[in-house]
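Enquirer: Okay, here's the structure, questions in a sec.
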2 protein chains.
Amino acid sequence: MERVPRSLSGQQALDLVGSGGVGRVGVSTDDGPRIFPVNYVVDHGTIVFRTAPDSELGRHCWGDRVAFEVDSIDNDRATAWSVVISGRAVPVEDAREIQLLETRDDLRPWAGGSRPLLVRISPLSITGRTITA
Amino acid sequence: MERVPRSLSGQQALDLVGSGGVGRVGVSTDDGPRIFPVNYVVDHGTIVFRTAPDSELGRHCWGDRVAFEVDSIDNDRATAWSVVISGRAVPVEDAREIQLLETRDDLRPWAGGSRPLLVRISPLSITGRTITA
């Protein structure tokens with residue numbers, strides 16, 4: 001059974017990312033690239049996640065270029081999609097924005113612990129594709 | 001319900017990664033970090049995946065430092081694990097190794113298409129953790 005990849009528009013890709021779950025943030029460090037799983041929300045066409053400011057991820061969220069990836073595979077139906085976003089990560093500093101974002105359940109830190117820094121990725125490029133049988 | 005993160009040993013982490021599925025390779029490019037979902041196998045303590053030599057990923061698999069990430073979340077049981085590997089990506093060039101790897105079903109390209117380059121990541125560091133309720 002041949003599987004057919006198909007490109008998604010930026011909006012289609014963001015709609016899929018908006019279904020939530022686990023995303024992965026990629027950063028470039030002096031010791032090579034790193035990947036960190038995060039919970040996230042889509043907020044007005046941007047990605048927002050939470051981290052600790054003194055973590056390895058947090059230290060690369062002050063204007064750095066980052067990658068953000070979400071994927072989903074349904075083996076039973078032989079379908080899959082993946083979306084990769086490239087953008088710049090900046091802390092959310094506006095008190096009102098922080099207050100609104102704090103109400104979003106999906107930003108609750110899954111692993112517990114203190115992750116007070118909210119970080120926003122504004123997409124510079126969005127690449128998505130689906131694969132169906 | 002408080003969730004408790006726990007670090008894994010390198011071997012425990014590799015054992016989890018060995019359960020297969022989708023992994024994500026992170027590379028650093030001149031335009032910032034990129035993340036690519038891949039199928040993979042664990043082979044003698046290394047990660048092997050398949051790509052096209054002329055793809056954006058393939059162009060960063062000739063000795064580049066890369067990150068490799070796998071995670072799994074079970075929302076019903078409120079458990080999760082994630083493993084991040086850092087290493088160098090090099091093509092598999094030995095004909096006998098290629099022949100053996102070609103027999104592994106998990107390396108069949110999920111999305112179809114031609115991905116003749118087999119790439120091996122030899123871990124320089126392995127970081128894994130589980131989170132349980």
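So you can find residues: chains in the structure tokens are A, B, ... in the order shown, residues in each start at 1, and ligands are numbered from 1 in order.
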Please identify all polymer residues within 10 Å of Ile121 of chain B, counting only C-alpha atoms, omitting same-chain residues fewer than 2 positions from it, and present them as a VMD selection string.
Expert: chain B and resid 25 42 to 43 45 to 49 61 63 to 68 85 to 92 119 123 to 124
Enquirer: Please report, as a Markdown table, each residue of chain B lying at most 9 Å from chain A, together with the nearest pair of atoms and the separation in Å rounded to one decimal; use only C-alpha atoms, and order rows by chain and ascending residue number.
Expert:
| residue | atom | partner | partner_atom | distance |
| --- | --- | --- | --- | --- |
| B:Glu2 | CA | A:Gly112 | CA | 6.7 |
| B:Arg3 | CA | A:Gly112 | CA | 5.7 |
| B:Val4 | CA | A:Ala111 | CA | 6.8 |
| B:Pro5 | CA | A:Ala111 | CA | 6.2 |
| B:Val22 | CA | A:Ile73 | CA | 8.3 |
| B:Arg24 | CA | A:Ile35 | CA | 8.4 |
| B:Val25 | CA | A:Ile35 | CA | 8.4 |
| B:Gly26 | CA | A:Pro33 | CA | 6.0 |
| B:Val27 | CA | A:Pro33 | CA | 5.6 |
| B:Ser28 | CA | A:Ser28 | CA | 5.7 |
| B:Thr29 | CA | A:Ser28 | CA | 8.6 |
| B:Asp31 | CA | A:Arg65 | CA | 8.0 |
| B:Gly32 | CA | A:Arg65 | CA | 5.4 |
| B:Pro33 | CA | A:Ala67 | CA | 5.5 |
| B:Arg34 | CA | A:Ala67 | CA | 5.3 |
| B:Ile35 | CA | A:Ala67 | CA | 6.4 |
| B:Phe36 | CA | A:Val84 | CA | 7.8 |
| B:Pro37 | CA | A:Ser82 | CA | 7.6 |
| B:Asp64 | CA | A:Gly32 | CA | 8.4 |
| B:Arg65 | CA | A:Gly32 | CA | 5.3 |
| B:Val66 | CA | A:Pro33 | CA | 5.6 |
| B:Ala67 | CA | A:Arg34 | CA | 5.3 |
| B:Phe68 | CA | A:Ile35 | CA | 7.3 |
| B:Glu69 | CA | A:Ile35 | CA | 6.4 |
| B:Val70 | CA | A:Pro37 | CA | 8.9 |
| B:Asp71 | CA | A:Pro37 | CA | 7.6 |
| B:Ile73 | CA | A:Val22 | CA | 8.4 |
| B:Ala78 | CA | A:Trp110 | CA | 9.0 |
| B:Ala80 | CA | A:Ala111 | CA | 8.7 |
| B:Ser82 | CA | A:Pro37 | CA | 7.6 |
| B:Val84 | CA | A:Ile35 | CA | 6.8 |
| B:Ile85 | CA | A:Arg34 | CA | 8.5 |
| B:Ser86 | CA | A:Arg34 | CA | 7.4 |
| B:Gly87 | CA | A:Gly32 | CA | 8.5 |
| B:Trp110 | CA | A:Arg3 | CA | 7.6 |
| B:Ala111 | CA | A:Arg3 | CA | 5.7 |
| B:Gly112 | CA | A:Arg3 | CA | 5.7 |
| B:Gly113 | CA | A:Arg3 | CA | 8.7 |
| B:Ile131 | CA | A:Ala111 | CA | 6.3 |
| B:Thr132 | CA | A:Ala111 | CA | 8.5 |
Enquirer: Put those residues in a file: C-alpha atoms, as a PDB file, in the first residue's frame.
Expert:
ATOM      1  CA  GLU B   2       1.818  15.438  42.190  1.00  0.00           C
ATOM      2  CA  ARG B   3       3.867  13.976  39.365  1.00  0.00           C
ATOM      3  CA  VAL B   4       7.359  12.835  40.149  1.00  0.00           C
ATOM      4  CA  PRO B   5      10.155  13.100  37.580  1.00  0.00           C
ATOM      5  CA  VAL B  22       8.881   7.900  15.830  1.00  0.00           C
ATOM      6  CA  ARG B  24      12.968  13.333  15.997  1.00  0.00           C
ATOM      7  CA  VAL B  25      16.355  14.443  14.776  1.00  0.00           C
ATOM      8  CA  GLY B  26      17.449  18.005  15.546  1.00  0.00           C
ATOM      9  CA  VAL B  27      20.160  19.712  13.522  1.00  0.00           C
ATOM     10  CA  SER B  28      21.673  23.187  13.598  1.00  0.00           C
ATOM     11  CA  THR B  29      21.561  25.012  10.275  1.00  0.00           C
ATOM     12  CA  ASP B  31      18.916  29.399   9.425  1.00  0.00           C
ATOM     13  CA  GLY B  32      18.560  28.121  12.983  1.00  0.00           C
ATOM     14  CA  PRO B  33      17.670  24.717  14.404  1.00  0.00           C
ATOM     15  CA  ARG B  34      15.475  22.240  12.522  1.00  0.00           C
ATOM     16  CA  ILE B  35      13.618  19.127  13.685  1.00  0.00           C
ATOM     17  CA  PHE B  36      12.759  16.150  11.467  1.00  0.00           C
ATOM     18  CA  PRO B  37      10.565  13.188  12.453  1.00  0.00           C
ATOM     19  CA  ASP B  64      27.404  16.983  12.266  1.00  0.00           C
ATOM     20  CA  ARG B  65      26.397  17.074  15.905  1.00  0.00           C
ATOM     21  CA  VAL B  66      22.708  16.196  16.129  1.00  0.00           C
ATOM     22  CA  ALA B  67      20.066  15.669  18.794  1.00  0.00           C
ATOM     23  CA  PHE B  68      17.688  12.712  18.803  1.00  0.00           C
ATOM     24  CA  GLU B  69      14.506  12.676  20.885  1.00  0.00           C
ATOM     25  CA  VAL B  70      11.811  10.117  21.651  1.00  0.00           C
ATOM     26  CA  ASP B  71       8.954  10.538  24.093  1.00  0.00           C
ATOM     27  CA  ILE B  73       2.861  10.006  27.154  1.00  0.00           C
ATOM     28  CA  ALA B  78      -0.494   9.986  33.955  1.00  0.00           C
ATOM     29  CA  ALA B  80       5.430   9.692  30.554  1.00  0.00           C
ATOM     30  CA  SER B  82      11.369  11.135  27.281  1.00  0.00           C
ATOM     31  CA  VAL B  84      17.238  12.924  24.441  1.00  0.00           C
ATOM     32  CA  ILE B  85      20.455  11.743  22.842  1.00  0.00           C
ATOM     33  CA  SER B  86      23.278  13.934  21.655  1.00  0.00           C
ATOM     34  CA  GLY B  87      25.739  12.558  19.135  1.00  0.00           C
ATOM     35  CA  TRP B 110       6.883   5.428   6.487  1.00  0.00           C
ATOM     36  CA  ALA B 111       6.076   8.156   4.010  1.00  0.00           C
ATOM     37  CA  GLY B 112       7.149   6.186   0.965  1.00  0.00           C
ATOM     38  CA  GLY B 113       9.601   7.794  -1.422  1.00  0.00           C
ATOM     39  CA  ILE B 131       7.308  10.938  35.154  1.00  0.00           C
ATOM     40  CA  THR B 132       4.807   9.005  37.200  1.00  0.00           C
TER      41      THR B 132
END
Enquirer: Could you pull out the strand (DSSP E or B) residues of chain A, going by DSSP on the backbone, and write them as a PyMOL selection string?
Expert: chain A and resi 4-8+22-29+32-43+46-51+65-74+79-91+117-132
Enquirer: Give me every helix (DSSP H, G or I) residue in segment 9-132 of chain A, going by DSSP on the backbone, as a ChimeraX atom specification.
Expert: /A:10-17,58-60,95-102,105-107
Enquirer: So the first atom is atom CA of Gly10 of chain B and the second is atom CA of Glu56 of chain A; what is the distance between them in Å, to one decimal place?
Expert: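 Taking atom CA of Gly10 of chain B as the start and atom CA of Glu56 of chain A as the end point, the length is 19.5 Å.
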Enquirer: Separation of atom CA of Glu93 of chain B and atom CA of Arg115 of chain B, in Å?
Expert: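 That distance, rounded to one decimal, is 14.5 Å.
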Enquirer: Just how far from atom CA of Leu107 of chain B is atom CA of Tyr40 of chain B, in Å to one decimal?
Expert: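 Interatomic distance, atom CA of Tyr40 of chain B to atom CA of Leu107 of chain B: 5.8 Å.
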Enquirer: At a cut-off of 12 Å, using only C-alpha atoms, what residues contact His44 of chain B? Leave out same-chain residues fewer than 6 positions from it and give the result as a list of chain:residue names.
Expert: B:Gln11, B:Leu14, B:Asp15, B:Gly18, B:Glu97, B:Leu101, B:Arg120, B:Ile121, B:Ser122, B:Pro123
Enquirer: With N, CA and C atoms retained, export the selected residues as a short mmCIF file (atom, residue, chain, number, x, y, z; two decimals), in the first residue's frame.
Expert:
data_model
loop_
_atom_site.label_atom_id
_atom_site.label_comp_id
_atom_site.auth_asym_id
_atom_site.auth_seq_id
_atom_site.Cartn_x
_atom_site.Cartn_y
_atom_site.Cartn_z
N GLN B 11 21.36 3.11 30.04
CA GLN B 11 20.86 1.84 29.53
C GLN B 11 19.34 1.78 29.60
N LEU B 14 18.05 3.86 26.76
CA LEU B 14 18.19 3.18 25.46
C LEU B 14 17.17 2.06 25.32
N ASP B 15 16.89 1.36 26.45
CA ASP B 15 15.88 0.29 26.40
C ASP B 15 14.52 0.87 25.99
N GLY B 18 14.48 1.76 22.43
CA GLY B 18 14.45 0.55 21.61
C GLY B 18 13.06 0.03 21.35
N GLU B 97 26.97 -3.99 6.81
CA GLU B 97 26.08 -3.34 7.79
C GLU B 97 24.80 -2.87 7.10
N LEU B 101 20.98 -3.92 8.02
CA LEU B 101 19.99 -2.90 8.44
C LEU B 101 18.79 -2.88 7.49
N ARG B 120 23.78 6.80 11.03
CA ARG B 120 23.94 6.29 12.38
C ARG B 120 24.31 7.43 13.33
N ILE B 121 23.62 7.50 14.47
CA ILE B 121 23.98 8.44 15.53
C ILE B 121 24.61 7.64 16.66
N SER B 122 25.87 7.89 16.93
CA SER B 122 26.54 7.27 18.08
C SER B 122 26.44 8.23 19.25
N PRO B 123 25.75 7.81 20.33
CA PRO B 123 25.49 8.74 21.43
C PRO B 123 26.76 9.22 22.13
#
